[in-house]
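J.: Next up, my_file-v5.txt (compact mmCIF, C-alpha atoms and all ligand atoms).
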```txt
# COMPACT_ATOMS: atom_id res chain seq x y z
CA MET A 27 -23.58 -31.95 -67.64
CA PHE A 28 -26.43 -31.27 -70.05
CA LEU A 29 -29.90 -32.35 -69.04
CA GLU A 30 -32.68 -32.77 -71.55
CA PRO A 31 -35.42 -30.41 -70.38
CA ASN A 32 -38.06 -33.09 -70.12
CA SER A 33 -35.86 -35.70 -68.50
CA ILE A 34 -36.07 -33.87 -65.21
CA VAL A 35 -38.39 -35.55 -62.77
CA ILE A 36 -38.35 -33.26 -59.76
CA SER A 37 -38.04 -29.49 -59.76
CA VAL A 38 -37.60 -27.82 -56.43
CA VAL A 39 -38.50 -24.13 -56.54
CA VAL A 40 -36.97 -21.79 -53.97
CA PRO A 41 -37.98 -18.13 -53.73
CA CYS A 42 -35.10 -16.23 -52.12
CA TYR A 43 -35.17 -12.76 -50.66
CA ASN A 44 -32.19 -11.82 -48.49
CA GLU A 45 -31.45 -15.42 -47.59
CA GLU A 46 -27.63 -15.51 -47.80
CA LEU A 47 -27.33 -16.97 -44.29
CA ASN A 48 -29.62 -19.89 -45.08
CA LEU A 49 -28.31 -20.98 -48.47
CA ASP A 50 -25.43 -23.16 -47.23
CA SER A 51 -27.57 -25.36 -45.02
CA LEU A 52 -30.46 -25.28 -47.45
CA PHE A 53 -28.47 -26.65 -50.38
CA GLU A 54 -26.57 -29.08 -48.21
CA ARG A 55 -29.77 -30.62 -46.89
CA LEU A 56 -31.69 -30.35 -50.13
CA VAL A 57 -28.98 -31.92 -52.29
CA LYS A 58 -28.43 -34.67 -49.74
CA VAL A 59 -32.11 -35.57 -49.77
CA LEU A 60 -32.50 -35.31 -53.53
CA ASP A 61 -29.37 -37.37 -54.21
CA THR A 62 -30.74 -40.30 -52.26
CA LEU A 63 -33.82 -40.41 -54.48
CA ASN A 64 -31.89 -41.39 -57.59
CA LEU A 65 -33.94 -39.14 -59.80
CA GLN A 66 -33.02 -36.39 -62.21
CA TYR A 67 -33.71 -33.14 -60.44
CA GLU A 68 -33.18 -29.41 -60.63
CA ILE A 69 -33.32 -26.67 -58.04
CA VAL A 70 -34.76 -23.47 -59.46
CA CYS A 71 -33.91 -20.50 -57.26
CA VAL A 72 -35.63 -17.21 -57.85
CA ASN A 73 -33.71 -14.25 -56.51
CA ASP A 74 -36.45 -11.81 -55.68
CA GLY A 75 -34.40 -8.61 -55.68
CA SER A 76 -32.35 -9.48 -52.59
CA ARG A 77 -30.30 -6.64 -51.14
CA ASP A 78 -27.64 -8.87 -49.61
CA ASN A 79 -25.27 -11.32 -51.30
CA THR A 80 -27.91 -13.94 -52.06
CA LEU A 81 -27.48 -13.58 -55.82
CA LYS A 82 -23.69 -13.85 -55.65
CA HIS A 83 -23.95 -17.01 -53.57
CA LEU A 84 -26.59 -18.49 -55.84
CA ILE A 85 -24.43 -17.95 -58.92
CA GLU A 86 -21.46 -19.54 -57.18
CA TYR A 87 -23.61 -22.52 -56.29
CA HIS A 88 -24.79 -22.74 -59.87
CA HIS A 89 -21.21 -22.89 -61.14
CA ARG A 90 -20.32 -25.56 -58.63
CA ASN A 91 -23.45 -27.61 -59.23
CA PRO A 92 -25.39 -26.99 -62.45
CA VAL A 93 -28.57 -28.59 -61.13
CA ILE A 94 -28.93 -25.37 -59.16
CA LYS A 95 -30.40 -22.83 -61.55
CA VAL A 96 -31.02 -19.17 -60.93
CA VAL A 97 -33.65 -16.75 -62.15
CA ASN A 98 -32.77 -13.21 -61.14
CA PHE A 99 -35.55 -10.63 -60.94
CA SER A 100 -34.94 -7.00 -61.77
CA ARG A 101 -36.34 -5.99 -58.37
CA ASN A 102 -38.34 -7.39 -55.48
CA PHE A 103 -41.73 -8.56 -56.72
CA GLY A 104 -42.90 -10.46 -53.66
CA LYS A 105 -42.97 -14.11 -52.73
CA GLU A 106 -46.10 -15.06 -54.63
CA ILE A 107 -44.67 -13.71 -57.88
CA ALA A 108 -41.28 -15.30 -57.24
CA LEU A 109 -43.05 -18.61 -56.79
CA THR A 110 -45.02 -18.11 -59.99
CA ALA A 111 -41.82 -17.43 -61.92
CA GLY A 112 -40.10 -20.46 -60.43
CA ILE A 113 -43.02 -22.65 -61.42
CA GLU A 114 -42.92 -21.29 -64.95
CA TYR A 115 -39.20 -21.93 -65.34
CA ALA A 116 -39.24 -25.37 -63.77
CA THR A 117 -39.39 -28.30 -66.18
CA GLY A 118 -39.82 -31.29 -63.90
CA ASP A 119 -42.67 -33.78 -63.92
CA ALA A 120 -43.36 -32.75 -60.36
CA ILE A 121 -42.67 -29.38 -58.78
CA ILE A 122 -41.98 -28.72 -55.13
CA PRO A 123 -41.90 -25.12 -53.89
CA ILE A 124 -39.96 -24.77 -50.66
CA ASP A 125 -39.01 -21.77 -48.48
CA ALA A 126 -35.35 -20.87 -48.32
CA ASP A 127 -35.37 -20.43 -44.55
CA LEU A 128 -35.59 -24.18 -43.81
CA GLN A 129 -38.97 -23.83 -42.13
CA ASP A 130 -40.08 -26.58 -44.47
CA PRO A 131 -37.83 -29.58 -43.85
CA PRO A 132 -36.43 -30.88 -47.17
CA GLU A 133 -36.34 -34.37 -45.62
CA LEU A 134 -40.09 -34.63 -46.30
CA ILE A 135 -39.56 -34.62 -50.04
CA GLY A 136 -39.20 -38.40 -50.11
CA GLU A 137 -42.59 -38.81 -48.47
CA LEU A 138 -44.14 -36.33 -50.89
CA ILE A 139 -42.83 -38.29 -53.82
CA GLU A 140 -44.13 -41.53 -52.37
CA LYS A 141 -47.65 -40.10 -52.21
CA TRP A 142 -47.26 -38.73 -55.73
CA ARG A 143 -46.33 -42.22 -56.91
CA GLU A 144 -49.52 -43.48 -55.29
CA GLY A 145 -51.34 -41.37 -57.83
CA TYR A 146 -52.07 -38.05 -56.13
CA ASP A 147 -51.59 -34.90 -58.23
CA VAL A 148 -51.10 -32.58 -55.29
CA VAL A 149 -49.54 -33.55 -51.98
CA TYR A 150 -49.45 -30.67 -49.55
CA CYS A 151 -47.80 -30.48 -46.17
CA LYS A 152 -50.06 -29.73 -43.27
CA ARG A 153 -48.55 -28.06 -40.22
CA ARG A 154 -49.15 -30.00 -37.08
CA SER A 155 -47.63 -27.19 -35.04
CA ARG A 156 -46.18 -23.78 -35.68
CA GLN A 157 -43.04 -23.34 -33.65
CA GLY A 158 -41.42 -19.97 -33.19
CA GLU A 159 -44.56 -18.03 -33.94
CA THR A 160 -46.28 -15.68 -31.52
CA TRP A 161 -49.75 -16.42 -30.17
CA LEU A 162 -51.03 -13.33 -31.96
CA LYS A 163 -49.83 -14.72 -35.29
CA LYS A 164 -51.45 -18.08 -34.51
CA ILE A 165 -54.77 -16.49 -33.53
CA THR A 166 -54.89 -14.17 -36.53
CA ALA A 167 -53.92 -16.96 -38.90
CA ASN A 168 -56.66 -19.12 -37.42
CA ALA A 169 -59.26 -16.38 -37.75
CA PHE A 170 -58.21 -15.73 -41.31
CA TYR A 171 -58.70 -19.35 -42.36
CA ARG A 172 -62.10 -19.44 -40.69
CA VAL A 173 -63.29 -16.21 -42.33
CA ILE A 174 -62.05 -17.02 -45.80
CA GLN A 175 -63.56 -20.48 -45.66
CA LYS A 176 -66.97 -19.01 -44.88
CA MET A 177 -66.71 -16.56 -47.74
CA THR A 178 -65.67 -18.74 -50.61
CA SER A 179 -66.65 -22.05 -52.08
CA VAL A 180 -63.06 -22.97 -52.93
CA GLU A 181 -61.76 -25.26 -50.23
CA ILE A 182 -58.47 -23.77 -49.04
CA PRO A 183 -56.71 -26.27 -46.79
CA ARG A 184 -55.91 -24.87 -43.35
CA ASP A 185 -52.41 -24.61 -41.99
CA THR A 186 -50.64 -25.33 -45.20
CA GLY A 187 -47.94 -23.21 -46.71
CA ASP A 188 -46.65 -23.33 -50.22
CA PHE A 189 -44.54 -26.38 -49.42
CA ARG A 190 -46.15 -29.14 -51.47
CA LEU A 191 -45.67 -31.37 -54.48
CA MET A 192 -47.55 -30.66 -57.68
CA ASP A 193 -47.78 -32.84 -60.71
CA ARG A 194 -47.03 -31.30 -64.10
CA ARG A 195 -50.76 -31.39 -64.89
CA VAL A 196 -51.47 -29.11 -61.97
CA VAL A 197 -48.64 -26.82 -62.90
CA GLU A 198 -49.91 -26.47 -66.46
CA ALA A 199 -53.33 -25.56 -65.05
CA LEU A 200 -51.76 -22.99 -62.72
CA LYS A 201 -49.86 -21.44 -65.60
CA GLN A 202 -53.16 -20.69 -67.30
CA LEU A 203 -54.27 -18.41 -64.49
CA PRO A 204 -53.14 -14.99 -65.62
CA GLU A 205 -54.16 -12.83 -62.68
CA THR A 206 -51.84 -10.19 -61.34
CA HIS A 207 -53.05 -10.52 -57.78
CA ARG A 208 -51.91 -13.98 -56.94
CA PHE A 209 -53.03 -15.56 -53.73
CA MET A 210 -51.16 -18.79 -54.34
CA LYS A 211 -52.77 -20.85 -51.59
CA GLY A 212 -56.14 -20.08 -53.16
CA LEU A 213 -54.97 -20.71 -56.71
CA PHE A 214 -53.44 -24.04 -55.72
CA ALA A 215 -56.81 -25.02 -54.27
CA TRP A 216 -58.84 -23.55 -57.12
CA VAL A 217 -57.29 -25.79 -59.77
CA GLY A 218 -58.53 -28.84 -57.89
CA PHE A 219 -57.08 -32.28 -58.84
CA LYS A 220 -56.56 -35.29 -56.67
CA GLN A 221 -55.13 -34.02 -53.42
CA SER A 222 -53.61 -35.60 -50.38
CA PHE A 223 -51.46 -34.38 -47.52
CA ILE A 224 -48.76 -35.33 -45.08
CA GLU A 225 -48.34 -33.78 -41.63
CA TYR A 226 -45.24 -32.14 -40.21
CA ASP A 227 -44.04 -29.80 -37.49
CA ARG A 228 -43.18 -26.41 -38.82
CA LEU A 229 -39.87 -25.26 -37.40
CA PRO A 230 -38.77 -21.75 -36.56
CA ARG A 231 -36.84 -19.83 -39.21
CA PHE A 232 -33.19 -21.01 -39.38
CA GLN A 233 -31.43 -17.66 -39.88
CA GLY A 234 -32.47 -14.14 -40.74
CA THR A 235 -35.86 -12.61 -40.07
CA THR A 236 -39.28 -13.05 -41.55
CA LYS A 237 -40.27 -10.57 -44.23
CA TRP A 238 -43.83 -10.41 -42.98
CA ASN A 239 -45.21 -7.88 -40.57
CA TYR A 240 -48.82 -7.47 -39.54
CA TRP A 241 -49.55 -4.81 -42.14
CA LYS A 242 -48.26 -7.13 -44.86
CA LEU A 243 -50.22 -10.04 -43.41
CA TRP A 244 -53.37 -7.91 -43.34
CA ASN A 245 -52.88 -7.05 -47.00
CA PHE A 246 -52.20 -10.69 -47.74
CA ALA A 247 -55.49 -11.60 -46.08
CA LEU A 248 -57.30 -8.90 -48.10
CA GLU A 249 -55.71 -10.31 -51.23
CA GLY A 250 -57.02 -13.75 -50.37
CA ILE A 251 -60.52 -12.58 -49.62
CA THR A 252 -60.90 -10.26 -52.60
CA SER A 253 -59.45 -12.84 -54.99
CA PHE A 254 -61.74 -15.59 -53.86
CA SER A 255 -64.95 -13.98 -52.71
CA SER A 256 -67.18 -11.12 -53.80
CA LEU A 257 -69.25 -11.40 -50.66
CA PRO A 258 -67.90 -8.14 -49.19
CA LEU A 259 -69.24 -6.35 -52.27
CA LYS A 260 -72.61 -7.98 -52.05
CA ILE A 261 -73.54 -7.72 -48.40
CA TRP A 262 -74.13 -3.98 -48.74
CA SER A 263 -77.23 -4.45 -50.84
CA TYR A 264 -78.74 -6.56 -48.08
CA LEU A 265 -77.66 -4.21 -45.35
CA GLY A 266 -79.04 -1.31 -47.43
CA LEU A 267 -82.32 -3.14 -47.80
CA PHE A 268 -82.47 -3.79 -44.09
CA ILE A 269 -81.68 -0.17 -43.21
CA SER A 270 -84.24 1.14 -45.72
CA LEU A 271 -86.83 -1.09 -44.14
CA LEU A 272 -85.99 0.26 -40.67
CA ALA A 273 -86.05 3.82 -42.03
CA PHE A 274 -89.46 3.19 -43.55
CA LEU A 275 -90.85 1.85 -40.29
CA TYR A 276 -89.36 4.73 -38.33
CA GLY A 277 -90.70 7.24 -40.91
CA SER A 278 -94.19 5.77 -40.65
CA PHE A 279 -93.98 5.96 -36.89
CA LEU A 280 -92.95 9.63 -37.06
CA ILE A 281 -95.82 10.48 -39.44
CA VAL A 282 -98.38 8.77 -37.30
CA ARG A 283 -97.03 10.37 -34.16
CA THR A 284 -97.05 13.83 -35.75
CA LEU A 285 -100.63 13.29 -36.90
CA ILE A 286 -101.76 12.31 -33.45
CA LEU A 287 -99.62 14.45 -31.14
CA GLY A 288 -98.80 17.40 -33.41
CA ILE A 289 -95.30 18.81 -34.03
CA ASP A 290 -92.76 17.80 -31.41
CA VAL A 291 -89.35 19.22 -30.40
CA PRO A 292 -86.96 19.07 -33.43
CA GLY A 293 -85.18 15.67 -33.39
CA TYR A 294 -81.53 16.65 -33.35
CA ALA A 295 -80.28 13.45 -31.76
CA SER A 296 -82.05 11.02 -34.06
CA LEU A 297 -81.01 13.08 -37.11
CA MET A 298 -77.36 13.12 -36.10
CA VAL A 299 -77.35 9.42 -35.34
CA ALA A 300 -78.95 8.57 -38.66
CA ILE A 301 -76.59 10.81 -40.65
CA LEU A 302 -73.45 9.61 -38.93
CA PHE A 303 -74.45 5.99 -39.12
CA LEU A 304 -75.33 6.13 -42.79
CA GLY A 305 -72.29 8.27 -43.59
CA GLY A 306 -70.08 5.70 -41.92
CA ILE A 307 -71.65 2.82 -43.77
CA GLN A 308 -71.36 4.63 -47.06
CA LEU A 309 -67.68 5.33 -46.59
CA LEU A 310 -67.04 1.73 -45.62
CA THR A 311 -68.91 0.53 -48.68
CA LEU A 312 -66.98 2.90 -50.91
CA GLY A 313 -63.77 1.62 -49.36
CA ILE A 314 -64.67 -1.95 -50.11
CA ILE A 315 -65.67 -1.11 -53.66
CA GLY A 316 -62.32 0.68 -53.86
CA GLU A 317 -60.45 -2.47 -52.82
CA TYR A 318 -62.03 -4.41 -55.66
CA LEU A 319 -61.81 -1.57 -58.15
CA GLY A 320 -58.11 -1.14 -57.45
CA ARG A 321 -57.57 -4.78 -58.17
CA VAL A 322 -59.64 -4.67 -61.34
CA HIS A 323 -57.53 -1.70 -62.37
CA ASP A 324 -54.34 -3.71 -61.84
CA GLU A 325 -55.72 -6.66 -63.77
CA VAL A 326 -56.78 -4.66 -66.82
CA LYS A 327 -53.34 -3.11 -67.12
CA LYS A 328 -52.09 -6.59 -68.03
CA ARG A 329 -48.54 -5.85 -67.00
CA PRO A 330 -46.18 -8.81 -67.00
CA LEU A 331 -46.04 -10.37 -63.56
CA TYR A 332 -42.29 -9.97 -63.25
CA ILE A 333 -39.21 -8.84 -65.11
CA VAL A 334 -36.22 -11.14 -65.26
CA ARG A 335 -32.83 -9.46 -65.39
CA ASP A 336 -30.82 -12.61 -66.14
CA CYS A 337 -30.88 -16.34 -65.59
CA TYR A 338 -28.28 -19.00 -65.04
CA GLY A 339 -28.63 -22.59 -66.07
CA PHE A 340 -31.63 -22.49 -68.39
CA ASP A 341 -30.94 -23.45 -71.96
CA SER A 342 -34.30 -23.47 -73.67
CA VAL A 343 -34.97 -20.79 -76.30
CA TYR A 344 -38.16 -19.71 -74.56
CA HIS A 345 -36.31 -18.49 -71.55
CA GLU A 346 -33.61 -16.76 -73.54
CA ILE A 347 -36.24 -14.81 -75.46
CA LYS A 348 -37.84 -13.87 -72.20
CA VAL A 349 -34.56 -12.54 -70.90
CA VAL A 350 -33.88 -10.52 -74.05
CA ASN A 351 -37.37 -9.05 -73.98
CA SER A 352 -37.06 -7.99 -70.45
CA LYS A 353 -33.89 -5.97 -70.96
N1 LIG B 401 -39.61 -14.28 -50.05
C1 LIG B 401 -39.49 -13.79 -51.35
N2 LIG B 401 -39.85 -12.49 -51.60
C2 LIG B 401 -40.32 -11.66 -50.62
C3 LIG B 401 -40.46 -12.20 -49.30
C4 LIG B 401 -40.10 -13.51 -49.06
O1 LIG B 401 -39.07 -14.49 -52.26
O2 LIG B 401 -40.62 -10.50 -50.92
C5 LIG B 401 -39.23 -15.70 -49.78
C6 LIG B 401 -38.24 -15.86 -48.63
O3 LIG B 401 -36.91 -15.74 -49.09
C7 LIG B 401 -38.55 -17.26 -48.15
C8 LIG B 401 -40.03 -17.39 -48.40
O4 LIG B 401 -40.37 -16.39 -49.36
O5 LIG B 401 -37.89 -18.25 -48.92
C9 LIG B 401 -40.85 -17.23 -47.14
O6 LIG B 401 -40.56 -15.98 -46.53
P1 LIG B 401 -40.57 -15.76 -44.97
O7 LIG B 401 -39.80 -16.84 -44.30
O8 LIG B 401 -40.14 -14.36 -44.73
O9 LIG B 401 -42.12 -15.92 -44.65
P2 LIG B 401 -42.78 -16.70 -43.42
O10 LIG B 401 -42.13 -18.06 -43.35
O11 LIG B 401 -42.51 -15.87 -42.23
O12 LIG B 401 -44.23 -16.78 -43.79
MG MG B 402 -40.26 -18.41 -43.19
```
So, in terms of structure tokens, how does the structure I just supplied come out?
Ligand code: UDP
Ligand code: MG

T.:
Amino acid sequence: MFLEPNSIVISVVVPCYNEELNLDSLFERLVKVLDTLNLQYEIVCVNDGSRDNTLKHLIEYHHRNPVIKVVNFSRNFGKEIALTAGIEYATGDAIIPIDADLQDPPELIGELIEKWREGYDVVYCKRRSRQGETWLKKITANAFYRVIQKMTSVEIPRDTGDFRLMDRRVVEALKQLPETHRFMKGLFAWVGFKQSFIEYDRLPRFQGTTKWNYWKLWNFALEGITSFSSLPLKIWSYLGLFISLLAFLYGSFLIVRTLILGIDVPGYASLMVAILFLGGIQLLTLGIIGEYLGRVHDEVKKRPLYIVRDCYGFDSVYHEIKVVNSK
């Protein structure tokens, strides 16, 4: 079956990293839902350097059902990049990224499309609850949303994942954002457009384990903050100003006291405190500058975001060239 590239209405994008156990149920549910819609659709799966048999299964699925298409990365590039690639390869009028682990129920797609038909460009799914997540994860996630919202003027919707529907307009806007450090939630919000949401209960992972640990989540949070706020860079000038002011007052006090009372016992304690305090602040500041500088360094290198080893099911010249280039 040959589909004209622009006749596809819905593209579902699935980033997959070691998801062999989930694929059967995922495709079964996804295809069932999509078939009932009576629309042309495609399922673009990005194999993000899986170490298990995910790729093998995906290719088998592609041969059985050509609406399932596969982009195979040359190594693991991370979920955000896999999602970016999927969005670039997808040709539908609306694009729906979905996790492979069935935490985002495919049955909601109908509702998403309904809202889209009402005229919204972005329909995101808001989690009413997070099942199967520890209280620590819930608390840290909550704190993260609060902090980032205070630090940036871009409104990043709380408790939403990447599961959403985006109109082609939005996707074209997203494709124009070339940054290497991609905090997708932020980028989705940054492009704006007419947005609406539906609510759902987020389920626990179906099979396999999450690829996130707290170190990764911390880095993810840093990514979000540094991509969308330069406040951490700026507060140091104010703190510096404040400390200089205190130092000036304290200095004046010392001068006056010396003038009146004469030379006192040498001030070891106050000296140590001042040196340690300032040393600490300086290191912290340098660290924060380093976080930004490192990212600037990555951006100026202008490396491609990902390397595709091969793809299955894409017939446009653009993608073939991309594959040849990347070899
Ligand atoms: N994923 C990916 N590359 C990675 C890590 C994850 O493509 O390096 C995919 C994974 O296969 C899944 C989705 O991203 O489809 C979400 O991953 P996960 O369930 O581990 O994240 P969580 O739901 O715990 O946030
Ligand atoms: Mg998950």

J.: Can you pull out every residue within 10 Å of stretch 228-242 of chain A, counting only C-alpha atoms, but drop anything in the same chain fewer than 5 positions away, and send it as a PyMOL selection string?

T.: chain A and resi 43-49+51-52+104-105+125-131+151-159+162-163+166+185-187+247-248

J.: Separation of atom CA of A:Glu137 and atom CA of A:Ser33, in Å?

T.: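 These atoms are spaced 21.4 Å apart.
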
J.: I'd like the neighbourhood of A:Val35 as a list in words, where a residue qualifies if any of its atoms comes within 7 Å (using only C-alpha atoms), though same-chain residues fewer than 6 positions away should be ignored.

T.: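 Surrounding residues, per the criterion: Leu65, Gln66, Tyr67, Gly118, Asp119 and Ala120 of chain A.
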
J.: With distances taken over only C-alpha atoms, which of A:Ala273, A:Leu191, A:Cys337, A:Val299 is nearest to A:Lys141?

T.: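 The closest residue to A:Lys141 is A:Leu191.
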
J.: Between A:Gly75, A:Val326, A:Asp147, A:Asp188, single out the one closest to ligand MG 402 (chain B), counting all atoms listed in the file.

T.: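 Ranked by minimum distance to ligand MG 402 (chain B), first place goes to A:Asp188.
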
J.: Atom CA of A:Phe219 to atom CA of A:Val197: how many Å, to one decimal?

T.: 10.8 Å

J.: Can you work out which one of A:Asp74, A:Glu114, A:Glu325, A:Glu133 has the shortest atom-to-atom distance to A:Arg101, counting all atoms listed in the file?

T.: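 When distances to A:Arg101 are compared using all atoms listed in the file, the smallest one comes from A:Asp74.
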
J.: In terms of the shortest atom-to-atom distance over all atoms listed in the file, which of A:Asn91, A:Thr160, A:Ser37, A:Ser256 is closest to ligand LIG 401 (chain B)?

T.: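 Checking each of A:Asn91, A:Thr160, A:Ser37, A:Ser256 against ligand LIG 401 (chain B), counting all atoms listed in the file, the winner is A:Thr160.
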